[in-house]
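*Asks:* Contents are mmCIF, C-alpha atoms; file name upload-v7.cif:
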data_run
#
loop_
_atom_site.label_atom_id
_atom_site.label_comp_id
_atom_site.auth_asym_id
_atom_site.auth_seq_id
_atom_site.Cartn_x
_atom_site.Cartn_y
_atom_site.Cartn_z
CA MET A 115 96.01 81.43 7.74
CA LYS A 116 94.71 83.93 5.17
CA VAL A 117 97.19 86.70 4.34
CA ILE A 118 97.23 89.74 2.05
CA VAL A 119 100.57 91.31 1.12
CA THR A 120 100.53 94.77 -0.46
CA GLY A 121 103.44 95.86 -2.64
CA ALA A 122 104.03 92.19 -3.44
CA SER A 123 106.01 93.02 -6.58
CA GLY A 124 108.58 94.99 -4.56
CA VAL A 125 111.80 93.67 -3.06
CA LEU A 126 110.40 93.28 0.46
CA GLY A 127 106.83 92.51 -0.53
CA SER A 128 107.87 89.71 -2.89
CA ALA A 129 110.00 88.11 -0.18
CA VAL A 130 107.12 88.26 2.31
CA TYR A 131 104.64 86.96 -0.26
CA GLU A 132 106.81 83.97 -1.18
CA LYS A 133 107.60 83.15 2.45
CA PHE A 134 103.95 82.93 3.48
CA ARG A 135 103.14 80.97 0.32
CA SER A 136 105.79 78.42 1.28
CA ASP A 137 103.36 77.00 3.86
CA PRO A 138 100.62 75.14 1.97
CA GLN A 139 98.22 75.74 4.84
CA ASN A 140 98.27 79.47 4.11
CA ASP A 141 96.02 81.18 1.61
CA VAL A 142 97.97 84.20 0.37
CA ILE A 143 97.04 87.07 -1.95
CA GLY A 144 99.70 89.42 -3.28
CA LEU A 145 98.68 92.89 -4.45
CA ALA A 146 100.60 95.03 -6.95
CA HIS A 147 99.86 98.03 -9.12
CA SER A 148 102.54 99.33 -11.48
CA ARG A 149 104.49 96.05 -11.64
CA GLN A 150 101.74 93.44 -11.50
CA HIS A 151 102.78 90.03 -12.85
CA GLY A 152 102.08 86.32 -12.46
CA ASP A 153 99.65 85.46 -9.69
CA LEU A 154 99.65 88.96 -8.22
CA ILE A 155 96.37 90.88 -8.25
CA LYS A 156 96.43 94.36 -9.76
CA VAL A 157 94.89 96.79 -7.27
CA ASP A 158 95.20 100.54 -6.87
CA LEU A 159 95.45 101.03 -3.10
CA HIS A 160 93.99 104.51 -3.53
CA ASP A 161 90.75 102.89 -4.76
CA SER A 162 89.12 102.50 -1.35
CA ALA A 163 86.04 100.70 -2.65
CA ALA A 164 88.09 98.09 -4.52
CA VAL A 165 90.37 97.49 -1.54
CA GLU A 166 87.45 97.09 0.87
CA LYS A 167 85.64 94.75 -1.52
CA LEU A 168 88.71 92.51 -1.72
CA VAL A 169 89.13 92.49 2.07
CA ALA A 170 85.45 91.80 2.71
CA GLU A 171 85.44 88.87 0.28
CA PHE A 172 88.79 87.33 1.24
CA LYS A 173 88.45 87.83 5.03
CA PRO A 174 92.20 87.90 5.84
CA HIS A 175 93.71 87.16 9.22
CA TRP A 176 96.79 89.26 8.42
CA VAL A 177 97.46 92.15 6.05
CA ILE A 178 101.13 93.06 5.65
CA HIS A 179 101.45 96.52 4.13
CA CYS A 180 104.76 96.68 2.26
CA ALA A 181 103.70 99.15 -0.45
CA ALA A 182 105.38 102.54 0.07
CA GLU A 183 107.41 105.33 -1.44
CA ARG A 184 110.75 104.35 0.09
CA ARG A 185 113.10 106.78 -1.69
CA PRO A 186 113.73 109.99 0.30
CA ASP A 187 114.73 112.00 -2.76
CA VAL A 188 111.61 110.97 -4.68
CA ALA A 189 109.46 111.67 -1.63
CA ASP A 190 110.80 115.23 -1.57
CA LYS A 191 109.97 115.73 -5.24
CA ASN A 192 106.48 114.22 -5.00
CA PRO A 193 105.22 115.06 -1.49
CA GLU A 194 101.48 114.74 -2.20
CA ALA A 195 101.73 111.28 -3.80
CA THR A 196 104.13 110.16 -1.06
CA GLN A 197 101.81 111.34 1.70
CA ARG A 198 98.87 109.48 0.17
CA LEU A 199 100.76 106.20 -0.12
CA ASN A 200 102.83 106.38 3.06
CA ALA A 201 100.22 107.83 5.43
CA GLU A 202 96.66 107.91 4.06
CA VAL A 203 96.56 104.36 2.67
CA PRO A 204 97.89 102.81 5.93
CA GLY A 205 95.28 104.73 7.88
CA PHE A 206 92.53 103.35 5.65
CA LEU A 207 93.87 99.79 6.01
CA ALA A 208 93.93 100.26 9.79
CA GLY A 209 90.28 101.29 9.73
CA LEU A 210 89.46 98.18 7.74
CA SER A 211 91.41 96.04 10.23
CA ARG A 212 89.09 97.20 12.99
CA LYS A 213 86.01 96.68 10.85
CA TYR A 214 86.96 93.25 9.52
CA ASP A 215 89.01 92.05 12.51
CA TYR A 216 92.43 91.31 11.03
CA THR A 217 95.97 92.09 12.11
CA LEU A 218 97.60 94.88 10.10
CA VAL A 219 101.39 95.07 9.96
CA TYR A 220 102.61 98.43 8.66
CA ILE A 221 106.23 98.47 7.49
CA SER A 222 107.89 101.68 8.68
CA THR A 223 111.47 102.94 8.80
CA ASP A 224 114.39 103.83 11.05
CA TYR A 225 114.20 107.29 9.45
CA VAL A 226 111.44 108.28 11.87
CA PHE A 227 114.40 109.04 14.20
CA ASP A 228 116.93 111.87 13.90
CA GLY A 229 120.03 109.70 14.35
CA THR A 230 121.50 111.70 17.25
CA SER A 231 121.17 109.20 20.12
CA PRO A 232 121.15 105.55 19.04
CA PRO A 233 120.23 102.84 19.70
CA TYR A 234 116.52 103.62 19.55
CA GLU A 235 113.94 101.71 21.58
CA VAL A 236 110.31 101.42 20.53
CA THR A 237 109.45 103.84 23.34
CA ASP A 238 111.80 106.60 22.11
CA LYS A 239 110.20 109.70 20.65
CA PRO A 240 110.46 109.95 16.86
CA ASN A 241 111.94 113.06 15.27
CA PRO A 242 112.30 112.62 11.50
CA LEU A 243 114.65 114.96 9.66
CA GLN A 244 113.21 114.72 6.16
CA PHE A 245 109.83 114.48 4.46
CA TYR A 246 110.15 110.74 3.81
CA GLY A 247 110.56 110.03 7.53
CA LYS A 248 107.73 112.42 8.38
CA SER A 249 105.39 110.70 5.93
CA LYS A 250 106.17 107.30 7.44
CA LEU A 251 105.65 108.67 10.96
CA ASP A 252 102.29 110.07 9.83
CA GLY A 253 101.53 106.55 8.59
CA GLU A 254 102.41 105.12 11.99
CA ARG A 255 100.11 107.59 13.71
CA ALA A 256 97.32 106.87 11.26
CA VAL A 257 97.69 103.12 11.88
CA LEU A 258 97.78 103.49 15.65
CA GLU A 259 95.16 106.27 15.71
CA GLY A 260 97.61 108.72 17.25
CA GLY A 261 97.93 107.07 20.63
CA GLY A 262 100.55 104.41 20.19
CA VAL A 263 103.65 106.00 18.69
CA ASP A 264 105.09 107.09 22.02
CA ASN A 265 103.61 104.25 24.09
CA VAL A 266 103.81 100.49 23.60
CA LEU A 267 100.16 99.52 23.37
CA ARG A 268 98.54 96.29 22.22
CA GLY A 269 96.09 95.52 19.49
CA SER A 270 95.65 94.32 15.95
CA GLN A 271 97.59 97.17 14.35
CA VAL A 272 101.36 96.69 14.40
CA VAL A 273 104.13 99.02 13.22
CA LEU A 274 107.35 97.24 12.18
CA ARG A 275 110.29 99.61 11.76
CA VAL A 276 113.16 98.37 9.61
CA PRO A 277 116.40 99.93 8.30
CA VAL A 278 117.78 100.05 4.76
CA LEU A 279 117.08 96.82 2.89
CA TYR A 280 118.81 94.50 0.45
CA GLY A 281 118.09 91.07 -0.96
CA PRO A 282 117.15 89.24 -4.15
CA ALA A 283 115.84 91.73 -6.70
CA PRO A 284 115.03 91.78 -10.43
CA LYS A 285 117.30 94.80 -10.83
CA ASN A 286 120.07 96.09 -8.58
CA SER A 287 118.52 99.54 -8.90
CA ASP A 288 115.52 98.26 -6.91
CA THR A 289 117.32 98.82 -3.60
CA ALA A 290 119.73 101.44 -2.27
CA ILE A 291 122.17 98.67 -1.32
CA ASN A 292 121.99 96.37 -4.34
CA ILE A 293 122.74 99.28 -6.65
CA LEU A 294 126.15 99.61 -5.03
CA VAL A 295 127.16 96.36 -6.73
CA ASP A 296 126.74 98.03 -10.11
CA ILE A 297 128.83 100.99 -8.98
CA VAL A 298 131.62 98.71 -7.80
CA LEU A 299 131.53 96.79 -11.08
CA ASP A 300 131.70 99.99 -13.15
CA GLN A 301 135.37 99.92 -14.11
CA SER A 302 134.87 102.37 -17.01
CA GLY A 303 136.93 105.12 -15.40
CA LYS A 304 133.96 107.02 -14.00
CA THR A 305 134.43 108.08 -10.38
CA TYR A 306 131.87 108.12 -7.59
CA LYS A 307 131.64 109.93 -4.27
CA MET A 308 130.17 107.53 -1.73
CA ASP A 309 128.59 108.35 1.63
CA HIS A 310 130.99 107.64 4.48
CA TYR A 311 129.04 109.80 6.94
CA ALA A 312 125.88 107.90 7.88
CA THR A 313 126.04 104.54 9.60
CA ARG A 314 123.45 102.10 8.26
CA TYR A 315 122.40 98.62 9.32
CA PRO A 316 121.59 96.84 6.05
CA THR A 317 119.00 94.13 6.60
CA ASN A 318 118.03 91.29 4.30
CA THR A 319 114.46 91.17 3.03
CA LEU A 320 114.46 87.37 3.36
CA ASP A 321 115.20 87.73 7.07
CA ILE A 322 112.35 90.20 7.54
CA ALA A 323 110.00 87.86 5.66
CA SER A 324 111.08 84.99 7.90
CA PHE A 325 110.55 87.12 10.99
CA LEU A 326 107.03 88.11 9.91
CA PHE A 327 106.25 84.45 9.20
CA ARG A 328 107.43 83.50 12.70
CA LEU A 329 105.58 86.46 14.20
CA ALA A 330 102.28 85.35 12.67
CA TYR A 331 102.65 81.95 14.23
CA TYR A 332 103.80 83.44 17.52
CA GLN A 333 100.51 85.32 17.62
CA SER A 334 98.47 82.20 16.91
CA GLN A 335 100.43 79.72 19.03
CA ALA A 336 97.93 79.83 21.91
CA ASN A 337 95.60 77.90 19.60
CA PRO A 338 97.96 76.14 17.18
CA ASN A 339 95.36 73.78 15.74
CA SER A 340 92.92 76.43 14.62
CA GLY A 341 94.96 77.89 11.77
CA SER A 342 92.91 81.04 12.02
CA THR A 343 92.41 82.15 15.60
CA LEU A 344 94.81 85.00 16.29
CA SER A 345 94.77 85.04 20.05
CA LYS A 346 98.16 86.21 21.33
CA SER A 347 98.55 89.98 21.45
CA LEU A 348 101.56 91.76 20.00
CA PRO A 349 103.24 95.03 20.93
CA GLN A 350 102.02 97.75 18.59
CA ILE A 351 105.55 98.85 17.73
CA LEU A 352 108.36 96.46 16.81
CA HIS A 353 111.91 96.94 15.58
CA TYR A 354 113.75 94.54 13.31
CA SER A 355 117.33 95.11 12.22
CA ALA A 356 120.55 93.32 11.42
CA PRO A 357 123.29 94.29 13.91
CA GLU A 358 126.24 95.04 11.60
CA PRO A 359 127.09 98.73 11.00
CA PHE A 360 128.33 99.99 7.63
CA THR A 361 128.56 103.23 5.74
CA LYS A 362 127.74 102.92 2.05
CA TYR A 363 131.45 103.32 1.28
CA GLU A 364 132.26 100.39 3.58
CA MET A 365 129.61 98.29 1.82
CA CYS A 366 131.33 99.06 -1.48
CA LEU A 367 134.61 97.77 -0.04
CA VAL A 368 132.87 94.53 0.90
CA PHE A 369 131.49 94.15 -2.63
CA ALA A 370 134.88 94.89 -4.18
CA LYS A 371 136.44 92.21 -1.99
CA ILE A 372 133.85 89.61 -2.93
CA LEU A 373 133.99 90.42 -6.64
CA GLY A 374 137.77 90.74 -6.75
CA VAL A 375 137.75 94.16 -8.44
CA ARG A 376 139.43 97.49 -7.79
CA HIS A 377 137.60 100.23 -5.89
CA LYS A 378 139.81 103.26 -6.44
CA HIS A 379 137.05 104.87 -8.54
CA ILE A 380 134.91 105.14 -5.38
CA MET A 381 135.82 108.04 -3.09
CA PRO A 382 134.68 108.18 0.56
CA ASP A 383 132.63 111.26 1.42
CA ALA A 384 132.51 111.79 5.18
CA GLU A 385 130.91 115.24 5.01
CA GLU A 386 127.39 115.75 6.29
CA PRO A 387 124.95 116.17 3.37
CA LYS A 388 124.24 119.87 2.82
CA GLY A 389 122.70 122.22 0.30
CA GLU A 390 119.19 122.92 -0.89
CA SER A 391 119.09 119.84 -3.11
CA ALA A 392 120.42 117.44 -0.46
CA VAL A 393 117.90 115.32 1.44
CA THR A 394 118.81 115.40 5.11
CA ARG A 395 119.85 111.95 6.27
CA PRO A 396 120.32 111.00 9.92
CA ARG A 397 123.78 110.01 11.18
CA ASP A 398 122.98 106.76 13.00
CA CYS A 399 119.44 105.39 13.46
CA LYS A 400 120.33 102.01 14.94
CA LEU A 401 117.14 100.24 16.00
CA SER A 402 117.24 98.32 19.25
CA THR A 403 115.69 94.87 18.89
CA LYS A 404 115.14 94.31 22.62
CA ILE A 405 111.38 94.24 22.08
CA VAL A 406 111.86 91.18 19.86
CA GLU A 407 114.50 89.41 21.93
CA ASP A 408 113.35 90.22 25.47
CA TYR A 409 109.58 90.66 25.24
CA LEU A 410 108.71 88.28 22.41
CA GLN A 411 111.69 86.04 23.27
CA MET A 412 112.36 85.50 19.58
CA ASP A 413 115.73 85.39 17.86
CA VAL A 414 116.30 88.18 15.36
CA GLY A 415 117.99 85.66 13.11
CA ALA A 416 119.64 88.15 10.75
CA CYS A 417 122.25 86.80 8.34
CA GLY A 418 125.75 88.20 7.99
CA PHE A 419 126.07 90.88 5.31
CA GLU A 420 129.31 89.69 3.71
CA GLU A 421 128.40 86.02 4.06
CA TRP A 422 125.04 86.45 2.28
CA TRP A 423 126.46 88.58 -0.51
CA THR A 424 129.35 86.16 -1.05
CA SER A 425 126.88 83.33 -1.57
CA TYR A 426 124.51 85.43 -3.69
CA LEU A 427 127.10 86.97 -6.01
CA LYS A 428 128.98 83.73 -6.55
CA LYS A 429 125.98 81.41 -6.93
CA ASP A 430 126.32 81.42 -10.70
#
Could you take the file, read its structure, and then write that structure out as structure tokens?

*Replies:*
Amino acid sequence: MKVIVTGASGVLGSAVYEKFRSDPQNDVIGLAHSRQHGDLIKVDLHDSAAVEKLVAEFKPHWVIHCAAERRPDVADKNPEATQRLNAEVPGFLAGLSRKYDYTLVYISTDYVFDGTSPPYEVTDKPNPLQFYGKSKLDGERAVLEGGGVDNVLRGSQVVLRVPVLYGPAPKNSDTAINILVDIVLDQSGKTYKMDHYATRYPTNTLDIASFLFRLAYYQSQANPNSGSTLSKSLPQILHYSAPEPFTKYEMCLVFAKILGVRHKHIMPDAEEPKGESAVTRPRDCKLSTKIVEDYLQMDVGACGFEEWWTSYLKKD
């Protein structure tokens, strides 16, 4: 199978890239821009001609689009750049998928929902509260050509919504969850107010990579010997999420327990975010994974949050 992974230098993209490369039968290209290194190919996704040339020459079976502006506060400060990356680029890749006949998987977010009535099915109507969520919803609509966001259709363009992510990363600051480890370890006397309002469902990037790997072979299992014929259709919207609920404050308590350090410098903040400078964050955007378990009949296979972090933080 020939696969292109965009954003392959990011926390999710690198996990996906390495997972598909683990099968020697796959031919995998990883794309990066600002953090290109190693075997990754430096490509500006806004350079349409360069992207199409690469696709036309490589002839992928799957393109997994992980590149995105994922930080809501940064999205608010740079709306034009965010809209280009989160909405316009996915739309262009979707057009190429129809022209060159590959499956496009667009990584979206639980923040397309308003968090008022969880759990959310793939058929539930999105209602993002902040610009980041709106830009990702625009990306979904661009990928599905406007007709698939409120209806489960079939085709070679797939939206995969995921919640907040964690996993192996070069720097803890690379994810909104990993950075909490640094806060817990900061015993300098500095105090922190930590969100105890929004319920999140932190999900490991390695689990998402494994799911995408299994999904690719699910799609091709009708002709398992071909290695290239993608013959089993997929729902156009999928949800993947770990099941365990935590606020960020509760995650900090888990880290403090694992690391054996005090956490009195971290204060729970249960108030709803307010003020002109606050980015509106939904209360509870739990994603239902019924589409994976019941329709695809696949296990979600998400690891336990505390169990994974215990192993990861104590591996040295």

*Asks:* Using only C-alpha atoms, which residue out of A:Arg255, A:Arg314, A:Lys116, A:Arg397 lies closest to Gln350 in chain A?

*Replies:*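 The answer is A:Arg255, which sits nearest to Gln350 in chain A.
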
*Asks:* Evaluate the PyMOL selection byres ((chain A and resi 405-418) around 9) against this structure - the residues, as a list in words, please.

*Replies:*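 Selected by the PyMOL selection byres ((chain A and resi 405-418) around 9) here: Glu235, Val236, Thr317, Asn318, Asp321, Ile322, Ser324, Phe325, Arg328, Leu329, Tyr332, Leu348, Pro349, Ile351, Leu352, His353, Tyr354, Ser355, Ala356, Pro357, Glu358, Ser402, Thr403, Lys404, Phe419, Glu420, Glu421, Trp422 and Trp423 of chain A.
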
*Asks:* Can you give me, as an MDAnalysis selection string, the residues this file yields under the PyMOL selection byres ((chain A and resi 382) around 7)?

*Replies:* chainID A and resid 307:310 363 380:381 383:384

*Asks:* Could you state the separation of CA of Leu207 in chain A and CA of Gly253 in chain A in Å, given to one decimal place?

*Replies:*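 Interatomic distance, CA of Leu207 in chain A to CA of Gly253 in chain A: 10.5 Å.
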
*Asks:* Please identify every residue of range 149-219 of chain A that has at least one atom no farther than 12 Å from an atom of range 280-296 of chain A, counting all atoms listed in the file, and for each give the shortest atom pair and the distance in Å to one decimal, arranged by chain then increasing number, as a tab-separated table.

*Replies:*
residue	atom	partner	partner_atom	distance
A:Arg149	CA	A:Pro284	CA	11.4
A:Arg184	CA	A:Thr289	CA	9.3
A:Arg185	CA	A:Ala290	CA	8.5
A:Pro186	CA	A:Ala290	CA	10.8
A:Asp187	CA	A:Ala290	CA	11.7

*Asks:* Report as a ChimeraX atom specification the full result of the PyMOL selection byres ((chain A and resi 165) around 12) when it is applied to this structure.

*Replies:* /A:118,120,145-146,155-164,166-173,177,203-204,206-207,209-211

*Asks:* Would you work out the distance separating CA of Asp215 in chain A from CA of Leu326 in chain A, expressed in Å to one decimal?

*Replies:*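 CA of Leu326 in chain A lies 18.6 Å from CA of Asp215 in chain A.
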
*Asks:* Looking at only C-alpha atoms, which of A:Arg275, A:Lys429, A:Lys304, A:Arg198 is the one that sits closest to His377 in chain A?

*Replies:*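 Residue with the minimum atom-to-atom distance to His377 in chain A: A:Lys304.
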
*Asks:* Go ahead and compute the interatomic distance for CA of Ala195 in chain A and CA of Phe245 in chain A, in Å to one decimal.

*Replies:*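 Taking CA of Ala195 in chain A as the start and CA of Phe245 in chain A as the end point, the length is 12.0 Å.
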
*Asks:* Considering all atoms listed in the file, can you say which of A:Pro193, A:Gly389, A:Pro359, A:Pro242 comes closest to Thr223 in chain A?

*Replies:*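 That would be A:Pro242, the residue with the smallest distance to Thr223 in chain A.
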
*Asks:* Pull the neighbourhood of (92.5, 87.6, 11.9) for me: all residues within 6 Å in file coordinates, counting all atoms listed in the file, as a ChimeraX atom specification.

*Replies:* /A:175-176,215-217,344

*Asks:* Would you please work out which residue, of A:Ile297, A:Lys239, A:Leu258, A:Val272, is nearest to Val375 in chain A when using only C-alpha atoms?

*Replies:* A:Ile297

*Asks:* Find, counting all atoms listed in the file, the residue in A:Gln271, A:Ser136, A:Ser148, A:Thr313 that gets nearest to Pro233 in chain A.

*Replies:*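 Closest to Pro233 in chain A of all the choices is A:Thr313.
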
*Asks:* Ranking A:Val278, A:Ile372, A:Leu427, A:Val393 by minimum distance to Ser222 in chain A and counting all atoms listed in the file, which one comes first?

*Replies:*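 Going through A:Val278, A:Ile372, A:Leu427, A:Val393 one by one, the smallest distance to Ser222 in chain A is for A:Val278.
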
*Asks:* To test the calculation: enclose all listed atoms of range 394-410 of chain A in a box whose edges run along x, y and z, add 5 Å on each side, then state centre and edge lengths in Å to one decimal, as lines of an AutoDock Vina configuration file.

*Replies:*
center_x = 116.2
center_y = 101.8
center_z = 15.3
size_x = 25.1
size_y = 37.1
size_z = 30.4
